Every structure is written in C-alpha cells, then in structure tokens.
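One structure below.
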Amino acid sequence: MSDISWIFLTALLAAISCSFVGLHLILRKQAMLSDALSHSVLPGLVVVYIFFQQLSPPTLFLGALGVSVVMTFMLEWIRQQKLLREDAAMGLVFASLFALGVVLLENFASKVHIDTECLLYGELTFVPLETPTQLFGLAFPESTFLLFWTCLAVLAAGLIFQKELLVAAFHEEMAQSMGIPIKAVQFWLMLAVSLVIMACFRSLGAILVIAFLILPGAFGSLFSKRFWGIYSIGMVYSIVSIAIGTYLAFNLNNNVGAMTVSVAFIIFLLSFSLQRIFTGNQRRRVH
Amino acid sequence: MAFFEFNSFLFEACLAAALLSACSAMVGCFLLIRRRALLGDMIGHSVLPGLCVGFALAGFEKSPLLLLGGALVSALLAAFLQEYISRRSRIKEDTSMALLLTGFYAIGVVLLTELQNNSGSSTSGLETFLLGSAASISRSDLYASCFLLLVQIIVYSLFLKELRVNTFDPLFARAQGFNPNRYAQLISALTSISVILALPAVGLILASALLVLPAACASMITRNLGPRLTFSALIGLVLGFGGAWISTLHSQIPTGPSIILLHTAFFFVLAFALFFKRKFAPEETA
Amino acid sequence: MNTPSIVLEIKNLSVRYSGAPVLSDIDVKIESGSLVCIIGPNGSGKSTLIKTAIGLMEPIRGQITYFGNQTLKEARSKLSYLPQREGIDWDFPINVIEMVLMGAYKRVGLGRRLNKAEREKALYFLERVGLKDFAKRHIAELSGGQQQRVFLARALMTEADIYFLDEPFAAVDIVTEYMILELLKTLRDEGKTLLISHHDLHSVQRTADKVLLLNRELLAFDTPEVVLKSPLMQKAYGGMRGLL
C-alpha cells in the first residue's frame with residue numbers, strides 16, 4: 001500500500017473510534033474529559049515506555065488502564081471527601097498528572113522516545129515510516145496496527161452495551177434504578193477515551209485527538225438528534241475533512257493532523273453560521 | 001540593564017513566577033465559582049494562532065507586545081465564539097469549549113508549521129512558549145505581571161460587590177439594572193491576559209492549571225469570596241515562588257511542573273487537615 | 001377619598017419566545033397599594049409577563065409605563081424582582097446577610113462600599129422574615145423555605161415600590177408560605193404594589209386584591225371572588241377544573 005493510503009487509513013480508523021467514544025462524552029456533557037485525559041495520559045505513556053520500551057496492544061491497554069484507575073481513584077476520593085467540584089477536581093488531577101508526566105519525561109528522556117513536538121501535534125506523515133507489525137500477512141505500521149485493535153475493542157464494547165450506555169447518559173438516576181452500574185459506565189468511558197488517545201498520540205498528538213473525539217459529534221448534532229444519525233453524519237464529515245486536509249497538507253507541506261482539524265473546524269463554523277442564517281431563532285436555547 | 005549576578009537573575013525569575021501565579025490565582029477564583037475551571041485550558045490552547053500571526057507580523061525579539069496582542073485577540077475571539085455557540089444552538093457549553101480549544105489550536109499548529117517552513121529565523125522561541133522555562137522570563141514579564149496583579153487588586157477591591165451579584169445571580173442583577181455580560185467579559189479578559197502572561201514561564205499546557213490550583217486550595221480554606229481572593233493570591237505567590245526556586249535548583253524539573261506539583265502537594269496537605277478537622281470537630285461545618 | 005394611582009400600565013403587550021407567541025395583546029392597569037396574583041396553567045406566560053415587566057425580556061409589540069409616565073430605565077430603582085429559585089448555585093461562597101445586602105448594591109452605587117446603616121437594614125429585613133440568627137450562615141445550609149425567605153429579604157432590601165415575585169411559593173412548606181403571605185400583605189398595607197405569579201388557587205382567594213387570569217391572553221382581571229367563579233377559569237385551565 002502506498003504511503004498516502006496508510007495515512008488515510010490511520011486517520012480513518014482514528015475517526016471511527018474517536019467519534020464513537022466522543023459522542024458518548026458529548027451526550028454525557030463530559031466533552032472536556034477528552035481535554036483532561038489528553039493531558040493525563042502522558043505519565044501513562046512514559047511509564048509504558050520505561051518498562052516495555054514499546055507500544056503494543058497489550059502494553060497500550062495496560063497504560064490506559066493505569067491512567068484510568070489513577071484518575072478515577074483521585075476524582076472519586078476528592079468527590080467523596082467533598083473537597084472540590086467536578087470541574088475543579090478534573091483540572092487539578094489532570095494538571096498534576098501532566099506535570100508528573102513532564103518530570104518523568106525529562107528524567108528518563110533517554111529511555112523514552114517521545115518527542116515533545118510529536119506529543120503536541122503528532123505527525124501522520126511519519127506513520128508509514130514506523131516499524132511495521134504483522135497482521136493478516138500484511139505489514140502494518142505501528143500506529144495503524146494499534147488503532148485497528150483499539151477501534152475494534154472500543155466499538156465492540158460500545159455496541160454490545162449500547163442501550164445501557166445511552167440510558168446512563170440521558171438519565172443517570174433512572175439507569176441506576178434499572179440496575180445499570182453507573183460507576184462502571186463512567187470507568188469504561190474513561191478507559192475508552194484513554195485508549196484512543198494513547199493509540200493516536202503519535203499520529204495526531206495529544207491535543208488534536210480531542211478534535212477527532214468531539215468535532216464529528218458536535219457537527220452531527222447540528223443536523224440530527226439521534227445517536228446513529230449524529231454518528232453517521234459525523235463520519236461523513238470526518239472523511240471529507242480528512243480527505244481535504246490530507247490533500248492540502250501534502251500540497252502546502254504542512255502537518256496532516258492539524259490541517260485536517262483546521263478544515264473540519266472551518267466546515268463546522270461555516271455550517272453553524274449558515275444554519276443560523278437560514279433557520280433564524282429556532283435553534284435558540286432557553287436562557 | 002542586566003544584572004550579571006547569578007542570584008539576582010534567578011530571584012527575579014522566581015519573583016515573576018510568583019506574581020503571575022498570583023494573577024492567575026485571583027481571576028481563577030471567579031472561574032471556579034462559575035464552574036468554568038476548564039475555560040482556562042481553552043484559552044491557553046486558543047492563543048496559538050494569535051501568537052503565530054503576531055510573530056509573523058514582527059519577529060519574536062522585536063515585539064513581544066505584538067505577540068501578546070495577537071494572543072489576546074485570539075483568546076478573546078475563542079471565548080466569544082464559545083459563548084455564542086453554546087447559547088445559540090443545541091451544543092452545550094462543555095462541547096463548545098472542547099471544540100474551540102482544539103479548532104483554534106489546530107489552526108495555530110498549521111500557522112506554526114507554515115512559519116517553520118518559511119522563516120529562516122528561529123521559531124524555537126515559540127516552542128518554549130508551549131512548554132515554558134524560567135530562563136525565558138524577562139524583566140518586562142516581571143513588570144507586566146506586577147501591573148496586572150495591581151490592576152486586579154484594585155478592580156476587585158472596588159467592584160467586588162458588583163462582581164459578586166453578577167456572577168451569583170445574573171437575572172436579579174439584570175433586573176436591578178446591571179449588565180451581567182459586561183462582568184463576564186471582564187473576567188474573560190482578565191483570564192486571557194493572565195494566561196498569556198504565564199505562558200513564558202510555565203508554558204501553554206500548564207498556564208491554565210494556575211487558574212485552577214491556587215483557587216481550589218483557597219476554596220478549601222474559606223467560604224467567603226473576599227477572603228478567598230486574598231488567600232488564593234497568597235498561595236499563588238508563595239507556591240509560585242517556591243516552585244520556580246525548586247526548579248532552578250534541580251534542572252530536571254521544569255518550572256511549570258514544579259509549581260503545579262507543589263500546589264498539588266499543598267492541596268493534599270489541606271485535604272488531610274480538613275479530614276482531621278472534620279473528625280475531631282464535626283460540629284463546625286467546614 | 002383618593003383614587004389610587006396607576007403604578008403600572010401595560011398596553012397592547014405581545015411577547016414572543018423562539019418564534020412562538022407567549023403573550024398576546026395584554027392590556028392591564030395595576031393600582032398602587034394592591035396585591036395582584038397572576039394565575040394560569042403552565043406555559044400561560046405568567047413568568048414571561050413578570051420578566052417583561054422587569055425588563056428581562058423584550059416585547060415585540062406594546063409598551064409598559066411605570067408610575068404614570070416613567071420608562072423602565074427611570075423607574076428601575078423603584079422596582080424589585082424575586083426570581084425563581086432554580087438556576088442559583090447554592091455552593092457560591094456567600095452567606096445569608098451578604099445575599100440580602102445584594103438588594104442594596106444598585107442603590108449604593110458603582111464602586112462604593114456598604115456602610116453600617118445598610119447592614120442594620122439588612123438585619124432588620126432578615127428579622128422580618130424570621131432569619132436574623134442565620135445572618136452569618138452559608139446559604140447552602142438553608143432549607144428550601146429558608147432560601148425563599150432570604151430571597152424575600154433581599155427583595156425587601158431594594159426598598160422598592162413595586163415588587164415582582166415569580167413563583168415565590170414553589171416547593172415551599174405550609175408554614176413558610178403562610179409567613180411569606182402575611183409579610184406580603186403587610187407590604188401591601190404599607191402602600192407597596194405587588195405582582196405575584198402563583199399556583200395555589202386557595203391561598204389566592206385569601207390574599208389577593210385582584211387576580212389576573214392569564215393564558216397567553218388576558219382572560220380576566222378582577223377581584224378573586226369574581227374571577228375564580230367565572231367560566232373563564234374553565235377556558236384557561238382547559239379540562240383541569242376538576243383538579244382544583
């Protein structure tokens with residue numbers, strides 16, 4: 001397969017898994033968890049590299065699990081002790097974890113091959129140059145390989161428990177009364193987000209991945225009120241953005257991930273404005 | 001006028017770190033009570049395109065004012081869009097915050113990459129902006145943060161009651177004839193300026209943390225807005241200085257993380273103190 | 001015998017919200033020193049009428065005149081608003097007396113401090129609502145009924161002539177409701193004008209001087225005896241009469 005196909009495939013897999021998980025975040029009004037986790041995964045990544053020197057599906061999973069457990073534990077403790085509110089607690093926890101991650105990175109730089117630039121905005125173009133891993137007899141670049149498995153895992157879990165997850169998102173109390181373990185749901189979500197962020201960090205970097213998580217769902221919600229409606233519209237939107245973004249990035253010699261997100265963002269703003277102009281006050285929320 | 005004495009330079013850098021921590025600490029109190037603790041993160045990420053434009057218009061060495069001006073415009077635009085989108089559509093506040101954060105940031109990265117491709121001159125100054133370092137704090141940063149701190153002290157002393165009613169009960173405030181939006185915009189502007197000033201020292205990622213941490217610690221000490229502002233500023237000052245100082249002593253710990261981790265440690269100290277207080281004096285509601 | 005003056009005149013008022021009409025052609029004159037209860041089913045526009053009268057919403061048609069010839073801007077310092085209780089963040093770092101003092105902020109002026117006289121007034125109003133001992137307590141420690149009373153003390157603190165109260169009795173216990181009603185009647189006796197949106201038709205009968213029956217349009221404006229027995233009630237509440 002050609003380089004550009006790998007790049008496109010990687011971006012696509014990222015879009016499929018991220019927008020799915022991200023839509024759950026949006027429905028639960030926890031979109032900023034994507035921001036928090038994008039910072040919190042750093043120590044997880046560093047620790048995985050220190051101990052295993054590489055990212056593979058099992059180590060990736062372990063890292064994500066570690067981060068989720070630590071974060072959940074800290075947030076729960078703060079909540080139970082009634083020390084801070086959720087948004088403040090999240091701010092505190094992710095800032096400390098990120099700070100810890102940076103310190104670890106500085107001190108173990110030799111062992112850990114994480115480039116700070118890479119962390120901040122990734123580089124999809126390098127994906128085809130990564131060490132290949134075997135799958136179905138084909139050589140997959142590391143990132144694509146990871147994303148493939150992440151995508152599978154996340155979608156499988158999400159689809160099996162679709163009904164329960166949606167009920168928990170819309171009305172937590174009702175879900176609880178139905179016997180749905182809401183704490184487990186929250187943990188699943190945190191784990192899924194950590195997984196996709198860590199899987200994407202090389203290709204997209206920690207911050208651009210937030211776009212893949214949130215933008216498709218946000219765009220889709222402008223046009224649909226149903227889960228699969230939002231998701232499908234979001235996917236088309238993602239594919240279009242990736243296509244235009246990759247094309248522009250190659251022609252302007254720019255970062256593929258950043259260009260894709262910029263394109264997606266501009267499309268979003270345009271659609272939003274056009275919608276406002278044509279439907280006037282009807283979309284106004286009660287204030 | 002540079003002092004060539006080793007101690008003086010470091011002292012100034014630590015002092016600057018302390019002052020800008022205090023700035024963020026004070027305005028952070030208002031973000032905290034409005035449950036907008038993560039707004040600072042959005043502002044921190046959304047300055048990037050403005051910074052790049054500012055840099056393109058005048059080199060880094062020549063005009064830090066243009067850089068800061070660009071950053072401010074960028075941040076305020078993002079804040080405005082965020083509020084507008086969440087007010088005028090089905091999209092909720094947290095979603096709009098996340099998408100603006102990442103959208104602006106991406107545009108910033110595109111511009112940054114363009115700059116790196118085209119300009120021969122070093123853009124590494126811009127990279128330091130992203131992760132921060134005590135060494136990049138200049139005299140003018142020191143003066144600027146001092147000035148901002150004074151401005152905040154004056155504003156809050158004069159207008160605390162107006163800020164209080166407009167943040168607590170905007171409907172009642174509006175019925176009384178106040179304009180709550182003005183006050184919200186004031187807080188946004190002060191937040192943006194604080195974040196931008198903190199960027200050189202602690203970097204983009206952690207500048208937003210300074211908005212949350214001292215205020216969070218202060219919220220555990222007092223339940224009243226006035227004292228909370230004071231405590232927050234003091235905590236920011238002391239821990240900001242301490243964190244920067246530790247960073248100069250141990251080169252493996254960068255300034256930003258050092259200040260953050262010091263705050264976290266203090267937070268846990270307070271948490272345990274509160275825990276014991278509740279155990280042994282339960283009738284006093286904390 | 002003095003004929004009471006008209007303190008609030010609403011002419012031809014229409015209000016839309018998100019494109020849908022909420023109030024249509026409201027025409028009413030409120031006399032000074034009267035306690036008017038606005039009643040109507042959910043969605044009838046009671047809250048909207050109050051919000052428009054206090055300037056929180058803009059009508060698409062019609063006008064409101066205060067004290068005979070004043071605009072909203074001129075009359076504002078003499079108006080007071082008690083909003084609905086939800087939407088308040090009870091975790092806000094503020095205690096009871098600080099909340100009452102908010103009523104004086106506009107009066108005292110931008111940048112000025114509140115002096116001892118204002119604090120004494122605040123304590124006085126807290127006493128009137130029976131919460132003097134709670135002055136230094138944090139607002140999160142109050143029960144629903146107590147919170148409502150603090151709201152009322154704040155409204156009193158504005159020392160206004162017309163009071164607009166939006167659902168002041170929502171989710172409030174009987175004792176508190178009685179206490180608030182008595183307080184409102186005292187205010188009325190002191191010559192203040194009160195406009196209250198209310199759900200419970202039984203207490204309306206005991207308290208109100210006039211009742212304003214609303215269901216997007218003004219259906220009736222008369223004494224409780226007349227309005228509550230009129231067939232217009234059926235028209236307003238639809239088939240829900242049996243529940244009343």
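Ordering of the structure tokens sets the chain letters (A, B, ...), residue numbers begin anew at 1 in every chain, and ligands are numbered from 1 in the order given.
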I'd like the contact shell of Phe125 of chain C - 8 Å cut-off, only C-alpha atoms, skipping same-chain residues fewer than 5 positions apart - returned as a count of residues only. 4
Taking only C-alpha atoms into account, which residues of chain B are within 12 Å of chain C, as a VMD selection string? chain B and resid 29 to 35 88 to 89 154 to 180 218 to 229 284 to 286
What does the file look like for those residues with C-alpha atoms, as a PDB file, in the first residue's frame?
ATOM      1  CA  CYS B  29     -11.483  32.209  41.853  1.00  0.00           C
ATOM      2  CA  PHE B  30     -14.202  33.591  39.626  1.00  0.00           C
ATOM      3  CA  LEU B  31     -13.832  30.781  37.132  1.00  0.00           C
ATOM      4  CA  LEU B  32     -14.111  28.277  39.909  1.00  0.00           C
ATOM      5  CA  ILE B  33     -17.329  29.662  41.328  1.00  0.00           C
ATOM      6  CA  ARG B  34     -18.868  29.756  37.886  1.00  0.00           C
ATOM      7  CA  ARG B  35     -17.919  26.124  37.356  1.00  0.00           C
ATOM      8  CA  ARG B  88     -27.404  29.720  20.147  1.00  0.00           C
ATOM      9  CA  SER B  89     -27.549  26.040  19.402  1.00  0.00           C
ATOM     10  CA  ILE B 154      -7.829  47.481  42.524  1.00  0.00           C
ATOM     11  CA  VAL B 155     -10.653  46.111  40.385  1.00  0.00           C
ATOM     12  CA  TYR B 156     -11.677  43.513  42.933  1.00  0.00           C
ATOM     13  CA  SER B 157     -11.473  45.927  45.841  1.00  0.00           C
ATOM     14  CA  LEU B 158     -13.647  48.449  44.068  1.00  0.00           C
ATOM     15  CA  PHE B 159     -16.090  46.198  42.328  1.00  0.00           C
ATOM     16  CA  LEU B 160     -16.325  43.090  44.456  1.00  0.00           C
ATOM     17  CA  LYS B 161     -19.996  43.607  45.200  1.00  0.00           C
ATOM     18  CA  GLU B 162     -20.852  44.144  41.537  1.00  0.00           C
ATOM     19  CA  LEU B 163     -18.879  41.063  40.543  1.00  0.00           C
ATOM     20  CA  ARG B 164     -20.500  39.108  43.306  1.00  0.00           C
ATOM     21  CA  VAL B 165     -24.101  39.820  42.312  1.00  0.00           C
ATOM     22  CA  ASN B 166     -23.446  39.473  38.597  1.00  0.00           C
ATOM     23  CA  THR B 167     -21.731  36.107  38.923  1.00  0.00           C
ATOM     24  CA  PHE B 168     -24.083  34.745  41.567  1.00  0.00           C
ATOM     25  CA  ASP B 169     -27.480  35.770  40.209  1.00  0.00           C
ATOM     26  CA  PRO B 170     -27.324  37.330  36.734  1.00  0.00           C
ATOM     27  CA  LEU B 171     -31.137  37.502  36.444  1.00  0.00           C
ATOM     28  CA  PHE B 172     -31.512  39.506  39.619  1.00  0.00           C
ATOM     29  CA  ALA B 173     -28.544  41.642  38.632  1.00  0.00           C
ATOM     30  CA  ARG B 174     -30.086  42.400  35.262  1.00  0.00           C
ATOM     31  CA  ALA B 175     -33.425  43.205  36.886  1.00  0.00           C
ATOM     32  CA  GLN B 176     -31.590  45.656  39.101  1.00  0.00           C
ATOM     33  CA  GLY B 177     -30.108  47.318  36.067  1.00  0.00           C
ATOM     34  CA  PHE B 178     -26.667  45.750  35.948  1.00  0.00           C
ATOM     35  CA  ASN B 179     -25.272  44.199  32.806  1.00  0.00           C
ATOM     36  CA  PRO B 180     -24.023  40.716  33.709  1.00  0.00           C
ATOM     37  CA  ALA B 218      -8.248  28.656  48.753  1.00  0.00           C
ATOM     38  CA  SER B 219     -11.761  27.258  48.374  1.00  0.00           C
ATOM     39  CA  MET B 220     -10.900  24.689  50.984  1.00  0.00           C
ATOM     40  CA  ILE B 221      -9.809  27.340  53.444  1.00  0.00           C
ATOM     41  CA  THR B 222     -12.647  29.817  53.259  1.00  0.00           C
ATOM     42  CA  ARG B 223     -16.209  30.048  52.053  1.00  0.00           C
ATOM     43  CA  ASN B 224     -16.276  33.781  51.514  1.00  0.00           C
ATOM     44  CA  LEU B 225     -15.373  35.403  48.249  1.00  0.00           C
ATOM     45  CA  GLY B 226     -13.293  38.283  49.564  1.00  0.00           C
ATOM     46  CA  PRO B 227     -11.008  36.220  51.804  1.00  0.00           C
ATOM     47  CA  ARG B 228     -10.855  33.553  49.129  1.00  0.00           C
ATOM     48  CA  LEU B 229      -9.367  36.026  46.660  1.00  0.00           C
ATOM     49  CA  GLU B 284     -18.039  23.073  62.843  1.00  0.00           C
ATOM     50  CA  THR B 285     -19.125  22.929  59.254  1.00  0.00           C
ATOM     51  CA  ALA B 286     -16.008  23.401  57.203  1.00  0.00           C
TER      52      ALA B 286
END
Let's see if you can do this: from backbone DSSP, list all alpha helix (DSSP H) residues in segment 97-163 of chain C, as a ChimeraX atom specification. /C:97-101,105-108,116-128,144-157
If you take only C-alpha atoms and a cut-off of 7 Å, which residues of chain B touch chain A, and what are their nearest atom pairs and distances in Å to one decimal, in chain and number order, as a tab-separated table?
residue	atom	partner	partner_atom	distance
B:Leu32	CA	A:Ala88	CA	6.7
B:Arg35	CA	A:Asp87	CA	6.4
B:Ala37	CA	A:Ala88	CA	5.5
B:Leu38	CA	A:Gly91	CA	6.5
B:Arg87	CA	A:Arg285	CA	6.3
B:Arg88	CA	A:Arg284	CA	4.8
B:Ser89	CA	A:Arg283	CA	5.3
B:Arg90	CA	A:Arg283	CA	6.9
B:Ile91	CA	A:Ala218	CA	6.8
B:Asp94	CA	A:Ala31	CA	5.5
B:Thr95	CA	A:Ala31	CA	5.1
B:Ala98	CA	A:Met32	CA	5.7
B:Leu99	CA	A:Leu215	CA	6.0
B:Thr102	CA	A:Ala211	CA	5.5
B:Gly103	CA	A:Phe265	CA	5.3
B:Ala106	CA	A:Ala258	CA	4.7
B:Ile107	CA	A:Ser262	CA	5.2
B:Val109	CA	A:Ala258	CA	6.1
B:Val110	CA	A:Ala258	CA	5.8
B:Thr113	CA	A:Asn254	CA	6.0
B:Glu114	CA	A:Asn254	CA	6.8
B:Leu206	CA	A:Ala95	CA	6.8
B:Ala209	CA	A:Ala95	CA	5.8
B:Val212	CA	A:Gly91	CA	6.4
B:Leu213	CA	A:Leu92	CA	6.1
B:Ala216	CA	A:Ala88	CA	6.8
B:Met220	CA	A:Leu83	CA	6.7
B:Gln252	CA	A:Glu106	CA	6.0
B:Ile253	CA	A:Val103	CA	5.7
B:Pro257	CA	A:Ala99	CA	4.2
B:Ile260	CA	A:Ser96	CA	6.2
B:Leu261	CA	A:Ser96	CA	5.9
B:Thr264	CA	A:Ser96	CA	6.5
Output of the above residues as a CSV table (one decimal), in the first residue's frame, restricted to C-alpha atoms:
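Done, and the output landed in out_10.csv:
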chain,number,residue,atom,x,y,z
B,32,LEU,CA,-14.1,28.3,39.9
B,35,ARG,CA,-17.9,26.1,37.4
B,37,ALA,CA,-12.5,25.8,35.7
B,38,LEU,CA,-11.6,24.3,32.3
B,87,ARG,CA,-26.0,30.0,23.7
B,88,ARG,CA,-27.4,29.7,20.1
B,89,SER,CA,-27.5,26.0,19.4
B,90,ARG,CA,-28.1,22.6,20.7
B,91,ILE,CA,-24.4,22.4,21.5
B,94,ASP,CA,-18.6,21.8,27.5
B,95,THR,CA,-18.7,20.6,23.9
B,98,ALA,CA,-13.6,21.4,23.7
B,99,LEU,CA,-14.2,22.1,20.0
B,102,THR,CA,-8.9,22.1,19.6
B,103,GLY,CA,-10.0,24.0,16.5
B,106,ALA,CA,-5.1,23.2,15.1
B,107,ILE,CA,-5.2,26.4,13.1
B,109,VAL,CA,-0.3,24.5,14.5
B,110,VAL,CA,-0.9,24.9,10.8
B,113,THR,CA,4.3,24.8,10.6
B,114,GLU,CA,4.0,27.4,7.9
B,206,LEU,CA,0.2,24.4,32.4
B,209,ALA,CA,-3.6,24.9,35.7
B,212,VAL,CA,-7.5,26.3,39.0
B,213,LEU,CA,-5.0,25.2,41.6
B,216,ALA,CA,-9.0,25.3,44.5
B,220,MET,CA,-10.9,24.7,51.0
B,252,GLN,CA,15.5,18.0,35.7
B,253,ILE,CA,12.3,19.6,37.0
B,257,PRO,CA,5.5,21.1,36.6
B,260,ILE,CA,2.0,22.6,39.7
B,261,LEU,CA,3.2,19.7,41.8
B,264,THR,CA,-0.9,19.6,44.4
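All of the residues in chain C within 9 Å of chain A are Tyr17, Ser18 and Gly19 of chain C, where only C-alpha atoms were counted.
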Can you list, as a PyMOL selection string, all residues belonging to segment 160-244 of chain C that DSSP tags as strand (DSSP E)? chain C and resi 162-166+193-197+210-215+217-222
Output N, CA and C atoms for every residue in the selection just made, as a PDB file, in the first residue's frame.
ATOM      1  N   ILE C 162     -42.698  48.759  43.659  1.00  0.00           N
ATOM      2  CA  ILE C 162     -43.405  47.646  43.022  1.00  0.00           C
ATOM      3  C   ILE C 162     -42.527  46.392  43.133  1.00  0.00           C
ATOM      4  N   TYR C 163     -43.114  45.326  43.615  1.00  0.00           N
ATOM      5  CA  TYR C 163     -42.395  44.065  43.764  1.00  0.00           C
ATOM      6  C   TYR C 163     -42.957  43.037  42.794  1.00  0.00           C
ATOM      7  N   PHE C 164     -42.071  42.423  42.029  1.00  0.00           N
ATOM      8  CA  PHE C 164     -42.469  41.370  41.100  1.00  0.00           C
ATOM      9  C   PHE C 164     -41.938  40.049  41.631  1.00  0.00           C
ATOM     10  N   LEU C 165     -42.832  39.143  41.982  1.00  0.00           N
ATOM     11  CA  LEU C 165     -42.392  37.873  42.558  1.00  0.00           C
ATOM     12  C   LEU C 165     -42.795  36.720  41.640  1.00  0.00           C
ATOM     13  N   ASP C 166     -41.794  35.967  41.185  1.00  0.00           N
ATOM     14  CA  ASP C 166     -42.053  34.869  40.257  1.00  0.00           C
ATOM     15  C   ASP C 166     -42.082  33.547  41.019  1.00  0.00           C
ATOM     16  N   THR C 193     -46.915  47.966  45.975  1.00  0.00           N
ATOM     17  CA  THR C 193     -47.660  47.207  44.970  1.00  0.00           C
ATOM     18  C   THR C 193     -46.955  45.887  44.720  1.00  0.00           C
ATOM     19  N   LEU C 194     -47.754  44.807  44.697  1.00  0.00           N
ATOM     20  CA  LEU C 194     -47.128  43.504  44.492  1.00  0.00           C
ATOM     21  C   LEU C 194     -47.776  42.751  43.344  1.00  0.00           C
ATOM     22  N   LEU C 195     -46.923  42.177  42.505  1.00  0.00           N
ATOM     23  CA  LEU C 195     -47.396  41.362  41.394  1.00  0.00           C
ATOM     24  C   LEU C 195     -46.785  39.976  41.585  1.00  0.00           C
ATOM     25  N   ILE C 196     -47.657  38.993  41.834  1.00  0.00           N
ATOM     26  CA  ILE C 196     -47.127  37.683  42.222  1.00  0.00           C
ATOM     27  C   ILE C 196     -47.684  36.605  41.310  1.00  0.00           C
ATOM     28  N   SER C 197     -46.820  35.786  40.755  1.00  0.00           N
ATOM     29  CA  SER C 197     -47.335  34.647  39.994  1.00  0.00           C
ATOM     30  C   SER C 197     -47.464  33.475  40.954  1.00  0.00           C
ATOM     31  N   LYS C 210     -56.625  41.669  43.646  1.00  0.00           N
ATOM     32  CA  LYS C 210     -57.081  41.452  42.285  1.00  0.00           C
ATOM     33  C   LYS C 210     -56.394  40.208  41.755  1.00  0.00           C
ATOM     34  N   VAL C 211     -57.068  39.535  40.833  1.00  0.00           N
ATOM     35  CA  VAL C 211     -56.486  38.350  40.217  1.00  0.00           C
ATOM     36  C   VAL C 211     -56.391  38.580  38.723  1.00  0.00           C
ATOM     37  N   LEU C 212     -55.250  38.209  38.179  1.00  0.00           N
ATOM     38  CA  LEU C 212     -55.043  38.354  36.745  1.00  0.00           C
ATOM     39  C   LEU C 212     -55.023  36.948  36.159  1.00  0.00           C
ATOM     40  N   LEU C 213     -56.034  36.612  35.374  1.00  0.00           N
ATOM     41  CA  LEU C 213     -56.102  35.277  34.808  1.00  0.00           C
ATOM     42  C   LEU C 213     -55.473  35.311  33.427  1.00  0.00           C
ATOM     43  N   LEU C 214     -54.462  34.492  33.257  1.00  0.00           N
ATOM     44  CA  LEU C 214     -53.661  34.547  32.045  1.00  0.00           C
ATOM     45  C   LEU C 214     -53.603  33.190  31.355  1.00  0.00           C
ATOM     46  N   ASN C 215     -53.807  33.201  30.058  1.00  0.00           N
ATOM     47  CA  ASN C 215     -53.440  32.038  29.278  1.00  0.00           C
ATOM     48  C   ASN C 215     -53.044  32.538  27.899  1.00  0.00           C
ATOM     49  N   GLU C 217     -53.373  35.085  26.630  1.00  0.00           N
ATOM     50  CA  GLU C 217     -54.082  36.368  26.554  1.00  0.00           C
ATOM     51  C   GLU C 217     -54.573  36.678  27.951  1.00  0.00           C
ATOM     52  N   LEU C 218     -54.958  37.923  28.121  1.00  0.00           N
ATOM     53  CA  LEU C 218     -55.537  38.307  29.398  1.00  0.00           C
ATOM     54  C   LEU C 218     -56.995  37.881  29.389  1.00  0.00           C
ATOM     55  N   LEU C 219     -57.332  36.912  30.230  1.00  0.00           N
ATOM     56  CA  LEU C 219     -58.702  36.419  30.231  1.00  0.00           C
ATOM     57  C   LEU C 219     -59.580  37.169  31.228  1.00  0.00           C
ATOM     58  N   ALA C 220     -58.971  37.571  32.331  1.00  0.00           N
ATOM     59  CA  ALA C 220     -59.761  38.289  33.339  1.00  0.00           C
ATOM     60  C   ALA C 220     -58.832  39.070  34.247  1.00  0.00           C
ATOM     61  N   PHE C 221     -59.356  40.193  34.743  1.00  0.00           N
ATOM     62  CA  PHE C 221     -58.625  40.972  35.750  1.00  0.00           C
ATOM     63  C   PHE C 221     -59.653  41.605  36.669  1.00  0.00           C
ATOM     64  N   ASP C 222     -59.839  40.961  37.820  1.00  0.00           N
ATOM     65  CA  ASP C 222     -60.882  41.426  38.733  1.00  0.00           C
ATOM     66  C   ASP C 222     -60.608  40.863  40.120  1.00  0.00           C
TER      67      ASP C 222
END
With only C-alpha atoms as the atoms that count, which of A:Ala139, A:Ile267, A:Leu152, A:Glu164 lies nearest to Ser241 of chain A? A:Ile267
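Between atom CA of Ser145 of chain B and atom CA of Gln116 of chain B lies a distance of 29.6 Å.
Here atom CA of Ile196 of chain B is placed at a distance of 25.0 Å from atom CA of Leu204 of chain A.
Between atom CA of Ile259 of chain B and atom CA of Val202 of chain B the interatomic distance comes to 8.3 Å.
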Neighbours of Met233 of chain C within 12 Å (only C-alpha atoms; same-chain residues fewer than 2 positions away dropped), as a PDB file with C-alpha atoms, in the first residue's frame?
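Result file follows (result20.pdb):
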ATOM      1  CA  ILE C  39     -52.712  32.799  37.778  1.00  0.00           C
ATOM      2  CA  GLY C  40     -52.893  30.469  34.846  1.00  0.00           C
ATOM      3  CA  PRO C  41     -51.810  26.994  33.780  1.00  0.00           C
ATOM      4  CA  LEU C 201     -55.795  28.979  43.997  1.00  0.00           C
ATOM      5  CA  VAL C 211     -56.486  38.350  40.217  1.00  0.00           C
ATOM      6  CA  LEU C 212     -55.043  38.354  36.745  1.00  0.00           C
ATOM      7  CA  LEU C 213     -56.102  35.277  34.808  1.00  0.00           C
ATOM      8  CA  LEU C 214     -53.661  34.547  32.045  1.00  0.00           C
ATOM      9  CA  ASN C 215     -53.440  32.038  29.278  1.00  0.00           C
ATOM     10  CA  LEU C 218     -55.537  38.307  29.398  1.00  0.00           C
ATOM     11  CA  LEU C 219     -58.702  36.419  30.231  1.00  0.00           C
ATOM     12  CA  ALA C 220     -59.761  38.289  33.339  1.00  0.00           C
ATOM     13  CA  PHE C 221     -58.625  40.972  35.750  1.00  0.00           C
ATOM     14  CA  PRO C 224     -60.782  36.921  43.388  1.00  0.00           C
ATOM     15  CA  GLU C 225     -64.460  36.340  44.043  1.00  0.00           C
ATOM     16  CA  VAL C 226     -65.368  37.299  40.509  1.00  0.00           C
ATOM     17  CA  VAL C 227     -62.525  35.636  38.658  1.00  0.00           C
ATOM     18  CA  LEU C 228     -62.362  32.344  40.470  1.00  0.00           C
ATOM     19  CA  LYS C 229     -66.044  31.681  39.985  1.00  0.00           C
ATOM     20  CA  SER C 230     -66.129  32.806  36.387  1.00  0.00           C
ATOM     21  CA  PRO C 231     -66.488  30.390  33.476  1.00  0.00           C
ATOM     22  CA  LYS C 235     -61.377  28.281  29.438  1.00  0.00           C
ATOM     23  CA  ALA C 236     -57.997  28.977  30.959  1.00  0.00           C
ATOM     24  CA  TYR C 237     -57.341  25.678  32.623  1.00  0.00           C
ATOM     25  CA  GLY C 238     -58.949  23.588  29.958  1.00  0.00           C
ATOM     26  CA  GLY C 239     -60.344  20.381  31.303  1.00  0.00           C
ATOM     27  CA  MET C 240     -58.403  20.583  34.534  1.00  0.00           C
ATOM     28  CA  ARG C 241     -61.120  22.270  36.549  1.00  0.00           C
ATOM     29  CA  GLY C 242     -61.904  19.058  38.313  1.00  0.00           C
ATOM     30  CA  LEU C 244     -58.891  22.429  41.513  1.00  0.00           C
TER      31      LEU C 244
END
Residue nearest Ile187 of chain B among B:Ile85, B:Leu249, B:Leu39, B:Leu15 (counting only C-alpha atoms): B:Leu39
